[in-house]
Amino acid sequence: MTVIPAGSEVPPFTLKREDGSEFTEADLQGTTTVLVFYPFAFSPVCTDQLQIYNEALPEITASDAVIYGVSTDPSFSQSAFREKLGVEIPQLSDFEPKGEACRVFGAFFEPGGMSNRALVIVGPDGRVAWSYLADTPGDLPGVNLIFDGLQAV
Amino acid sequence: MYADFTCPQCALAALELREAQAQTVFRHMAIASRHRRAVPLAQAAEAAGAQGRFWEFHDSLYEDQGRLDDPHLWERCRALGIDVERFEADRRAPQVAEKVREQTAAALRAGATGTPSFLVGGSLTAELPSAPGG
């Protein structure tokens, strides 16, 4: 599965916010959105990733962008993960139907039945401005890639 | 070297670099959510540096990472001849906090994803560089 390429219009999808409300393609309109797809809450690389990205949160928001963590974990697990780490990056769940939204973005790892390690930046026009798929789900993309990607918006 | 004073691997790397007598430039990569003392210790080291004792304080922290609370820092100051009252004021100064933030942001912008990370000849690596010929 290849990640959704730059220039694509984002197809319809539905994710769940931590409060249970829906997050859809309509929520991408009007703002730059960084979607961080990660495999599993509480796993080692994902822990490092959210901690590091959280440190860069002030710079990311200063770029007029919002950032979300996305995984196939249920919202309760995502919230527990975020709170345990003490990070502020809001989470979006793709738990049921499992991985359906991740597949829309080309960010589902079929062999593991989990979200892949991918970054997708959507511009205020609702089109993908930049995307990145890690070589393997175990690779941790540096925050520098997000800043590179934001230049494409 | 981008490093964090709470990181055991950083302590090992610092020891190896010291034994190799390598010329090292230290830059903070203090991730607040990774360890509650990461940022306070980085700021403490800068405060020690303001009294000309950065490297001594650096060595002291890495030689004993089991005692990193404030009373332990004051003990280290007294042992190293650092004025504790000035140290306390300096480590809470906004410019010190900003310096640590800037260095951490620079590490992230350089692509560092963990500590220690090494910038050698313009390339970032997680592996401790080996000595020439070694």
# chains A, B, ... in the order shown; residues from 1 in each chain; ligands from 1
>>> select_by_dssp(residues="segment 24-99 of chain A", states="helix (DSSP H, G or I)", output="short mmCIF file (atom, residue, chain, number, x, y, z; two decimals) with N, CA and C atoms, in the first residue's frame")
data_model
loop_
_atom_site.label_atom_id
_atom_site.label_comp_id
_atom_site.auth_asym_id
_atom_site.auth_seq_id
_atom_site.Cartn_x
_atom_site.Cartn_y
_atom_site.Cartn_z
N GLU A 25 -13.30 14.48 6.49
CA GLU A 25 -12.59 15.30 5.51
C GLU A 25 -13.01 16.77 5.61
N ALA A 26 -14.22 17.02 6.08
CA ALA A 26 -14.69 18.41 6.21
C ALA A 26 -13.86 19.18 7.24
N ASP A 27 -13.31 18.45 8.23
CA ASP A 27 -12.52 19.10 9.28
C ASP A 27 -11.13 19.50 8.78
N LEU A 28 -10.79 19.08 7.58
CA LEU A 28 -9.47 19.44 7.02
C LEU A 28 -9.52 20.78 6.29
N PRO A 44 7.15 1.04 21.92
CA PRO A 44 8.36 1.85 22.15
C PRO A 44 8.59 2.97 21.14
N VAL A 45 8.54 2.65 19.85
CA VAL A 45 8.85 3.69 18.86
C VAL A 45 7.76 4.77 18.85
N CYS A 46 6.52 4.34 19.01
CA CYS A 46 5.41 5.32 19.02
C CYS A 46 5.52 6.24 20.23
N THR A 47 6.01 5.69 21.33
CA THR A 47 6.24 6.51 22.53
C THR A 47 7.28 7.59 22.22
N ASP A 48 8.41 7.16 21.66
CA ASP A 48 9.46 8.13 21.30
C ASP A 48 8.91 9.18 20.33
N GLN A 49 8.13 8.70 19.36
CA GLN A 49 7.63 9.61 18.32
C GLN A 49 6.74 10.71 18.91
N LEU A 50 5.78 10.32 19.73
CA LEU A 50 4.88 11.34 20.27
C LEU A 50 5.61 12.28 21.23
N GLN A 51 6.56 11.76 21.99
CA GLN A 51 7.32 12.63 22.89
C GLN A 51 8.11 13.67 22.12
N ILE A 52 8.75 13.23 21.06
CA ILE A 52 9.57 14.14 20.26
C ILE A 52 8.69 15.15 19.51
N TYR A 53 7.62 14.67 18.93
CA TYR A 53 6.74 15.58 18.18
C TYR A 53 6.09 16.59 19.12
N ASN A 54 5.79 16.14 20.34
CA ASN A 54 5.17 17.07 21.29
C ASN A 54 6.12 18.22 21.62
N GLU A 55 7.41 17.91 21.65
CA GLU A 55 8.40 18.95 21.94
C GLU A 55 8.39 20.02 20.85
N LEU A 57 5.75 20.90 19.21
CA LEU A 57 4.38 21.42 19.06
C LEU A 57 4.32 22.94 18.94
N PRO A 58 5.06 23.68 19.77
CA PRO A 58 4.98 25.15 19.63
C PRO A 58 5.39 25.63 18.24
N GLU A 59 6.42 25.00 17.68
CA GLU A 59 6.87 25.41 16.34
C GLU A 59 5.86 25.02 15.27
N ILE A 60 5.24 23.86 15.45
CA ILE A 60 4.26 23.40 14.46
C ILE A 60 3.03 24.31 14.49
N THR A 61 2.56 24.63 15.67
CA THR A 61 1.38 25.51 15.76
C THR A 61 1.73 26.93 15.32
N ALA A 62 2.99 27.32 15.51
CA ALA A 62 3.40 28.65 15.03
C ALA A 62 3.36 28.72 13.51
N SER A 75 -10.23 4.86 21.23
CA SER A 75 -9.99 6.18 21.83
C SER A 75 -9.55 6.10 23.29
N PHE A 76 -10.10 5.16 24.05
CA PHE A 76 -9.73 5.07 25.46
C PHE A 76 -8.23 4.77 25.60
N SER A 77 -7.73 3.89 24.73
CA SER A 77 -6.29 3.56 24.78
C SER A 77 -5.46 4.76 24.35
N GLN A 78 -5.92 5.46 23.32
CA GLN A 78 -5.18 6.64 22.84
C GLN A 78 -5.09 7.71 23.93
N SER A 79 -6.22 7.94 24.60
CA SER A 79 -6.24 8.97 25.65
C SER A 79 -5.32 8.57 26.80
N ALA A 80 -5.37 7.29 27.17
CA ALA A 80 -4.51 6.80 28.26
C ALA A 80 -3.04 6.96 27.87
N PHE A 81 -2.74 6.67 26.63
CA PHE A 81 -1.37 6.78 26.10
C PHE A 81 -0.92 8.25 26.17
N ARG A 82 -1.75 9.13 25.65
CA ARG A 82 -1.41 10.56 25.62
C ARG A 82 -1.22 11.09 27.04
N GLU A 83 -2.13 10.69 27.93
CA GLU A 83 -2.04 11.20 29.30
C GLU A 83 -0.82 10.63 30.02
N LYS A 84 -0.52 9.37 29.77
CA LYS A 84 0.66 8.77 30.44
C LYS A 84 1.94 9.48 30.02
N LEU A 85 2.01 9.81 28.74
CA LEU A 85 3.20 10.50 28.23
C LEU A 85 3.22 11.97 28.61
#
>>> select_by_dssp(residues="chain A", states="strand (DSSP E)", output="PyMOL selection string")
chain A and resi 14-17+22-24+32-37+65-71+91-93+108-109+114-115+118-122+128-133
>>> residues_around(residues="segment 80-88 of chain B", least_positions_apart="4", cutoff="12 Å", atoms="only C-alpha atoms", output="JSON, numbers by chain")
{"B": [40, 41, 43, 44, 45, 46, 47, 48, 49, 50, 51, 52, 53, 54, 55, 56, 57, 58, 59, 60, 61, 70, 71, 72, 73, 74, 75, 76, 92, 93, 96]}
>>> residues_around(residues="segment 106-120 of chain B", least_positions_apart="5", cutoff="9 Å", atoms="only C-alpha atoms", output="PyMOL selection string")
(chain A and resi 48-49+52-53+55-56+140-145+147) or (chain B and resi 1-4+7+9-11+13+27-29+101+125-129)
>>> write_last_selection(atoms="N, CA and C atoms", output="PDB file, in the first residue's frame")
ATOM      1  N   ASP A  48       8.409   7.160  21.656  1.00  0.00           N
ATOM      2  CA  ASP A  48       9.458   8.133  21.296  1.00  0.00           C
ATOM      3  C   ASP A  48       8.915   9.178  20.328  1.00  0.00           C
ATOM      4  N   GLN A  49       8.133   8.705  19.361  1.00  0.00           N
ATOM      5  CA  GLN A  49       7.635   9.606  18.322  1.00  0.00           C
ATOM      6  C   GLN A  49       6.741  10.707  18.909  1.00  0.00           C
ATOM      7  N   ILE A  52       8.750  13.226  21.057  1.00  0.00           N
ATOM      8  CA  ILE A  52       9.572  14.145  20.259  1.00  0.00           C
ATOM      9  C   ILE A  52       8.690  15.149  19.513  1.00  0.00           C
ATOM     10  N   TYR A  53       7.619  14.671  18.932  1.00  0.00           N
ATOM     11  CA  TYR A  53       6.741  15.577  18.178  1.00  0.00           C
ATOM     12  C   TYR A  53       6.088  16.589  19.118  1.00  0.00           C
ATOM     13  N   GLU A  55       7.408  17.911  21.645  1.00  0.00           N
ATOM     14  CA  GLU A  55       8.401  18.948  21.940  1.00  0.00           C
ATOM     15  C   GLU A  55       8.393  20.022  20.850  1.00  0.00           C
ATOM     16  N   ALA A  56       8.046  19.608  19.642  1.00  0.00           N
ATOM     17  CA  ALA A  56       8.037  20.543  18.512  1.00  0.00           C
ATOM     18  C   ALA A  56       6.671  21.207  18.316  1.00  0.00           C
ATOM     19  N   LEU A 140      11.493   5.685  12.841  1.00  0.00           N
ATOM     20  CA  LEU A 140      10.905   6.892  13.422  1.00  0.00           C
ATOM     21  C   LEU A 140      11.284   8.104  12.573  1.00  0.00           C
ATOM     22  N   PRO A 141      10.330   8.693  11.865  1.00  0.00           N
ATOM     23  CA  PRO A 141      10.660   9.893  11.074  1.00  0.00           C
ATOM     24  C   PRO A 141      10.924  11.087  11.991  1.00  0.00           C
ATOM     25  N   GLY A 142      12.002  11.787  11.749  1.00  0.00           N
ATOM     26  CA  GLY A 142      12.331  12.961  12.558  1.00  0.00           C
ATOM     27  C   GLY A 142      11.331  14.086  12.336  1.00  0.00           C
ATOM     28  N   VAL A 143      11.281  14.976  13.307  1.00  0.00           N
ATOM     29  CA  VAL A 143      10.395  16.141  13.206  1.00  0.00           C
ATOM     30  C   VAL A 143      10.801  17.032  12.033  1.00  0.00           C
ATOM     31  N   ASN A 144      12.077  16.951  11.673  1.00  0.00           N
ATOM     32  CA  ASN A 144      12.551  17.767  10.544  1.00  0.00           C
ATOM     33  C   ASN A 144      11.749  17.491   9.277  1.00  0.00           C
ATOM     34  N   LEU A 145      11.253  16.259   9.146  1.00  0.00           N
ATOM     35  CA  LEU A 145      10.460  15.924   7.958  1.00  0.00           C
ATOM     36  C   LEU A 145       9.145  16.708   7.953  1.00  0.00           C
ATOM     37  N   PHE A 147       8.682  19.642   9.242  1.00  0.00           N
ATOM     38  CA  PHE A 147       8.993  21.033   8.850  1.00  0.00           C
ATOM     39  C   PHE A 147       9.267  21.122   7.345  1.00  0.00           C
TER      40      PHE A 147
ATOM     41  N   MET B   1      27.427  16.572  20.173  1.00  0.00           N
ATOM     42  CA  MET B   1      26.585  15.543  20.771  1.00  0.00           C
ATOM     43  C   MET B   1      25.324  16.202  21.300  1.00  0.00           C
ATOM     44  N   TYR B   2      24.155  15.697  20.828  1.00  0.00           N
ATOM     45  CA  TYR B   2      22.869  16.124  21.364  1.00  0.00           C
ATOM     46  C   TYR B   2      22.535  15.128  22.477  1.00  0.00           C
ATOM     47  N   ALA B   3      22.335  15.617  23.666  1.00  0.00           N
ATOM     48  CA  ALA B   3      22.183  14.685  24.781  1.00  0.00           C
ATOM     49  C   ALA B   3      21.285  15.235  25.884  1.00  0.00           C
ATOM     50  N   ASP B   4      20.988  14.321  26.794  1.00  0.00           N
ATOM     51  CA  ASP B   4      20.062  14.582  27.894  1.00  0.00           C
ATOM     52  C   ASP B   4      20.743  14.004  29.150  1.00  0.00           C
ATOM     53  N   CYS B   7      19.698  10.459  30.478  1.00  0.00           N
ATOM     54  CA  CYS B   7      19.799   9.332  29.538  1.00  0.00           C
ATOM     55  C   CYS B   7      21.052   8.493  29.830  1.00  0.00           C
ATOM     56  N   GLN B   9      22.426   6.073  28.104  1.00  0.00           N
ATOM     57  CA  GLN B   9      23.290   5.915  26.928  1.00  0.00           C
ATOM     58  C   GLN B   9      24.150   7.160  26.715  1.00  0.00           C
ATOM     59  N   CYS B  10      23.610   8.313  27.079  1.00  0.00           N
ATOM     60  CA  CYS B  10      24.387   9.561  26.967  1.00  0.00           C
ATOM     61  C   CYS B  10      25.554   9.531  27.948  1.00  0.00           C
ATOM     62  N   ALA B  11      25.288   8.982  29.138  1.00  0.00           N
ATOM     63  CA  ALA B  11      26.355   8.897  30.141  1.00  0.00           C
ATOM     64  C   ALA B  11      27.498   8.020  29.631  1.00  0.00           C
ATOM     65  N   ALA B  13      28.204   7.391  26.478  1.00  0.00           N
ATOM     66  CA  ALA B  13      28.856   8.090  25.360  1.00  0.00           C
ATOM     67  C   ALA B  13      29.776   9.188  25.881  1.00  0.00           C
ATOM     68  N   ARG B  27      25.271  19.800  23.120  1.00  0.00           N
ATOM     69  CA  ARG B  27      24.026  20.538  22.893  1.00  0.00           C
ATOM     70  C   ARG B  27      22.881  19.771  23.562  1.00  0.00           C
ATOM     71  N   HIS B  28      22.017  20.521  24.224  1.00  0.00           N
ATOM     72  CA  HIS B  28      20.906  19.887  24.924  1.00  0.00           C
ATOM     73  C   HIS B  28      19.861  19.346  23.959  1.00  0.00           C
ATOM     74  N   MET B  29      19.379  18.151  24.277  1.00  0.00           N
ATOM     75  CA  MET B  29      18.162  17.637  23.645  1.00  0.00           C
ATOM     76  C   MET B  29      17.320  17.128  24.817  1.00  0.00           C
ATOM     77  N   ARG B 101      15.654  25.399  25.298  1.00  0.00           N
ATOM     78  CA  ARG B 101      14.590  25.196  24.292  1.00  0.00           C
ATOM     79  C   ARG B 101      15.147  25.307  22.875  1.00  0.00           C
ATOM     80  N   THR B 125      24.094  11.069  13.283  1.00  0.00           N
ATOM     81  CA  THR B 125      24.127   9.632  13.508  1.00  0.00           C
ATOM     82  C   THR B 125      23.803   9.330  14.964  1.00  0.00           C
ATOM     83  N   ALA B 126      23.236   8.152  15.182  1.00  0.00           N
ATOM     84  CA  ALA B 126      22.960   7.730  16.544  1.00  0.00           C
ATOM     85  C   ALA B 126      24.125   6.923  17.120  1.00  0.00           C
ATOM     86  N   GLU B 127      25.095   6.625  16.265  1.00  0.00           N
ATOM     87  CA  GLU B 127      26.234   5.812  16.701  1.00  0.00           C
ATOM     88  C   GLU B 127      27.388   6.715  17.124  1.00  0.00           C
ATOM     89  N   LEU B 128      28.040   6.336  18.189  1.00  0.00           N
ATOM     90  CA  LEU B 128      29.206   7.083  18.635  1.00  0.00           C
ATOM     91  C   LEU B 128      30.295   6.953  17.580  1.00  0.00           C
ATOM     92  N   PRO B 129      30.785   8.077  17.073  1.00  0.00           N
ATOM     93  CA  PRO B 129      31.821   7.993  16.040  1.00  0.00           C
ATOM     94  C   PRO B 129      33.075   7.320  16.584  1.00  0.00           C
TER      95      PRO B 129
END
>>> residues_around(residues="segment 101-117 of chain A", least_positions_apart="4", cutoff="12 Å", atoms="only C-alpha atoms", output="short mmCIF file (atom, residue, chain, number, x, y, z; two decimals) with N, CA and C atoms, in the first residue's frame")
data_model
loop_
_atom_site.label_atom_id
_atom_site.label_comp_id
_atom_site.auth_asym_id
_atom_site.auth_seq_id
_atom_site.Cartn_x
_atom_site.Cartn_y
_atom_site.Cartn_z
N MET A 1 0.85 -1.19 0.00
CA MET A 1 0.00 0.00 0.00
C MET A 1 0.89 1.24 0.00
N THR A 2 0.62 2.16 -0.94
CA THR A 2 1.41 3.39 -0.99
C THR A 2 0.62 4.53 -0.36
N VAL A 3 1.34 5.42 0.24
CA VAL A 3 0.69 6.54 0.94
C VAL A 3 0.08 7.50 -0.09
N ILE A 4 -0.98 8.16 0.29
CA ILE A 4 -1.67 9.08 -0.61
C ILE A 4 -0.69 10.17 -1.08
N PRO A 5 -0.59 10.39 -2.40
CA PRO A 5 0.45 11.32 -2.88
C PRO A 5 0.03 12.79 -2.78
N ALA A 6 1.03 13.65 -2.82
CA ALA A 6 0.79 15.10 -2.82
C ALA A 6 -0.06 15.46 -4.04
N SER A 8 -3.31 15.06 -4.18
CA SER A 8 -4.58 14.32 -4.16
C SER A 8 -5.61 15.06 -3.31
N GLU A 9 -6.84 14.98 -3.74
CA GLU A 9 -7.93 15.43 -2.88
C GLU A 9 -8.20 14.30 -1.88
N VAL A 10 -8.40 14.64 -0.64
CA VAL A 10 -8.61 13.59 0.36
C VAL A 10 -10.01 13.01 0.19
N PRO A 11 -10.12 11.71 -0.03
CA PRO A 11 -11.45 11.07 -0.15
C PRO A 11 -12.19 11.11 1.20
N PRO A 12 -13.48 10.84 1.18
CA PRO A 12 -14.24 10.82 2.43
C PRO A 12 -13.68 9.78 3.41
N PHE A 13 -13.66 10.15 4.68
CA PHE A 13 -13.21 9.23 5.74
C PHE A 13 -13.84 9.67 7.05
N THR A 14 -13.82 8.78 7.99
CA THR A 14 -14.32 9.13 9.33
C THR A 14 -13.39 8.56 10.38
N LEU A 15 -12.93 9.44 11.26
CA LEU A 15 -12.15 9.03 12.43
C LEU A 15 -12.91 9.51 13.67
N LYS A 16 -12.50 9.01 14.84
CA LYS A 16 -13.15 9.44 16.08
C LYS A 16 -12.18 10.25 16.93
N GLU A 22 -17.05 12.81 15.60
CA GLU A 22 -16.45 12.40 14.33
C GLU A 22 -15.51 13.48 13.78
N PHE A 23 -14.46 13.03 13.16
CA PHE A 23 -13.50 13.89 12.46
C PHE A 23 -13.47 13.39 11.02
N THR A 24 -13.88 14.25 10.10
CA THR A 24 -13.99 13.82 8.70
C THR A 24 -13.20 14.74 7.78
N GLU A 25 -13.30 14.48 6.49
CA GLU A 25 -12.59 15.30 5.51
C GLU A 25 -13.01 16.77 5.61
N LEU A 35 -1.24 14.92 9.91
CA LEU A 35 -1.73 13.64 10.44
C LEU A 35 -0.54 12.71 10.64
N VAL A 36 -0.36 12.28 11.86
CA VAL A 36 0.76 11.38 12.20
C VAL A 36 0.17 9.99 12.43
N PHE A 37 0.34 9.11 11.47
CA PHE A 37 -0.15 7.73 11.60
C PHE A 37 0.92 6.91 12.33
N TYR A 38 0.52 6.25 13.39
CA TYR A 38 1.47 5.43 14.15
C TYR A 38 0.84 4.08 14.46
N PRO A 39 1.65 3.03 14.64
CA PRO A 39 1.09 1.68 14.79
C PRO A 39 0.31 1.42 16.09
N PHE A 40 0.97 1.60 17.24
CA PHE A 40 0.32 1.16 18.48
C PHE A 40 0.59 2.11 19.65
N ALA A 41 -0.47 2.47 20.35
CA ALA A 41 -0.29 3.18 21.62
C ALA A 41 0.55 2.32 22.56
N VAL A 45 8.54 2.65 19.85
CA VAL A 45 8.85 3.69 18.86
C VAL A 45 7.76 4.77 18.85
N CYS A 46 6.52 4.34 19.01
CA CYS A 46 5.41 5.32 19.02
C CYS A 46 5.52 6.24 20.23
N GLN A 49 8.13 8.70 19.36
CA GLN A 49 7.63 9.61 18.32
C GLN A 49 6.74 10.71 18.91
N LEU A 50 5.78 10.32 19.73
CA LEU A 50 4.88 11.34 20.27
C LEU A 50 5.61 12.28 21.23
N GLY A 69 -2.45 12.70 16.20
CA GLY A 69 -1.96 11.34 16.14
C GLY A 69 -3.10 10.44 15.69
N VAL A 70 -2.81 9.50 14.78
CA VAL A 70 -3.86 8.61 14.25
C VAL A 70 -3.39 7.17 14.39
N SER A 71 -4.23 6.33 14.95
CA SER A 71 -3.90 4.90 15.01
C SER A 71 -5.19 4.10 15.03
N THR A 72 -5.03 2.77 14.94
CA THR A 72 -6.21 1.91 14.98
C THR A 72 -6.57 1.51 16.41
N ASP A 73 -5.94 2.12 17.37
CA ASP A 73 -6.30 1.87 18.77
C ASP A 73 -7.64 2.52 19.08
N PRO A 74 -8.39 1.97 20.03
CA PRO A 74 -9.61 2.65 20.47
C PRO A 74 -9.28 3.96 21.21
N LEU A 92 -6.78 10.70 17.12
CA LEU A 92 -7.91 10.29 16.30
C LEU A 92 -7.87 8.77 16.15
N SER A 93 -8.99 8.15 16.39
CA SER A 93 -9.05 6.68 16.38
C SER A 93 -9.69 6.14 15.10
N ASP A 94 -9.06 5.08 14.59
CA ASP A 94 -9.56 4.39 13.40
C ASP A 94 -9.87 2.94 13.78
N PHE A 95 -10.57 2.80 14.91
CA PHE A 95 -10.77 1.48 15.51
C PHE A 95 -11.84 0.65 14.82
N GLU A 96 -12.96 1.29 14.45
CA GLU A 96 -14.08 0.51 13.89
C GLU A 96 -14.83 1.31 12.84
N PRO A 97 -14.92 0.91 11.60
CA PRO A 97 -14.30 -0.30 11.04
C PRO A 97 -12.77 -0.13 11.03
N ILE A 121 0.38 15.66 5.31
CA ILE A 121 0.06 17.06 5.57
C ILE A 121 -0.97 17.50 4.52
N VAL A 122 -2.10 17.97 5.02
CA VAL A 122 -3.19 18.42 4.15
C VAL A 122 -3.29 19.93 4.25
N ARG A 127 -6.47 19.46 0.08
CA ARG A 127 -5.64 18.58 -0.76
C ARG A 127 -4.36 18.20 0.00
N VAL A 128 -3.87 17.03 -0.33
CA VAL A 128 -2.62 16.58 0.29
C VAL A 128 -1.48 17.44 -0.25
N TRP A 130 1.71 17.13 1.13
CA TRP A 130 2.97 16.38 1.30
C TRP A 130 2.64 15.10 2.04
N SER A 131 3.38 14.04 1.73
CA SER A 131 3.17 12.79 2.47
C SER A 131 4.48 12.01 2.55
N TYR A 132 4.52 11.13 3.53
CA TYR A 132 5.74 10.36 3.76
C TYR A 132 5.37 9.02 4.40
N LEU A 133 5.93 7.96 3.88
CA LEU A 133 5.74 6.64 4.48
C LEU A 133 7.10 6.12 4.91
N ALA A 134 7.22 5.76 6.17
CA ALA A 134 8.51 5.24 6.65
C ALA A 134 8.84 3.92 5.96
N ASP A 135 10.12 3.63 5.84
CA ASP A 135 10.55 2.39 5.18
C ASP A 135 9.92 1.17 5.87
N THR A 136 9.89 1.22 7.19
CA THR A 136 9.24 0.15 7.96
C THR A 136 8.48 0.81 9.11
N PRO A 137 7.49 0.12 9.67
CA PRO A 137 6.77 0.72 10.81
C PRO A 137 7.67 0.97 12.01
N GLY A 138 8.83 0.33 12.05
CA GLY A 138 9.75 0.51 13.17
C GLY A 138 10.64 1.73 13.04
N ASP A 139 10.60 2.38 11.88
CA ASP A 139 11.43 3.58 11.69
C ASP A 139 10.71 4.81 12.23
N LEU A 140 11.49 5.68 12.84
CA LEU A 140 10.91 6.89 13.42
C LEU A 140 11.28 8.10 12.57
N PRO A 141 10.33 8.69 11.87
CA PRO A 141 10.66 9.89 11.07
C PRO A 141 10.92 11.09 11.99
N GLY A 142 12.00 11.79 11.75
CA GLY A 142 12.33 12.96 12.56
C GLY A 142 11.33 14.09 12.34
#
>>> closest_residue(among="A:Arg17, A:Lys98, A:Glu88, A:Ser63", to="chain B", atoms="only C-alpha atoms")
A:Glu88
>>> closest_residue(among="A:Asp125, A:Val120, A:Phe42, A:Ala65", to="Gln29 of chain A", atoms="only C-alpha atoms")
A:Asp125
>>> atom_distance(atom1="atom CA of Gln95 of chain B", atom2="atom CA of Ile31 of chain B")
17.9 Å
>>> closest_residue(among="B:Ser123, B:Arg34, B:Tyr62, B:Arg91", to="chain A", atoms="only C-alpha atoms")
B:Arg34
>>> atom_distance(atom1="atom CA of Ser33 of chain B", atom2="atom CA of Val100 of chain B")
14.6 Å
>>> atom_distance(atom1="atom CA of Glu18 of chain A", atom2="atom CA of Ile89 of chain A")
11.1 Å
>>> closest_residue(among="B:Asp69, B:Glu102, B:Ala14, B:Ala32", to="chain A", atoms="only C-alpha atoms")
B:Ala32
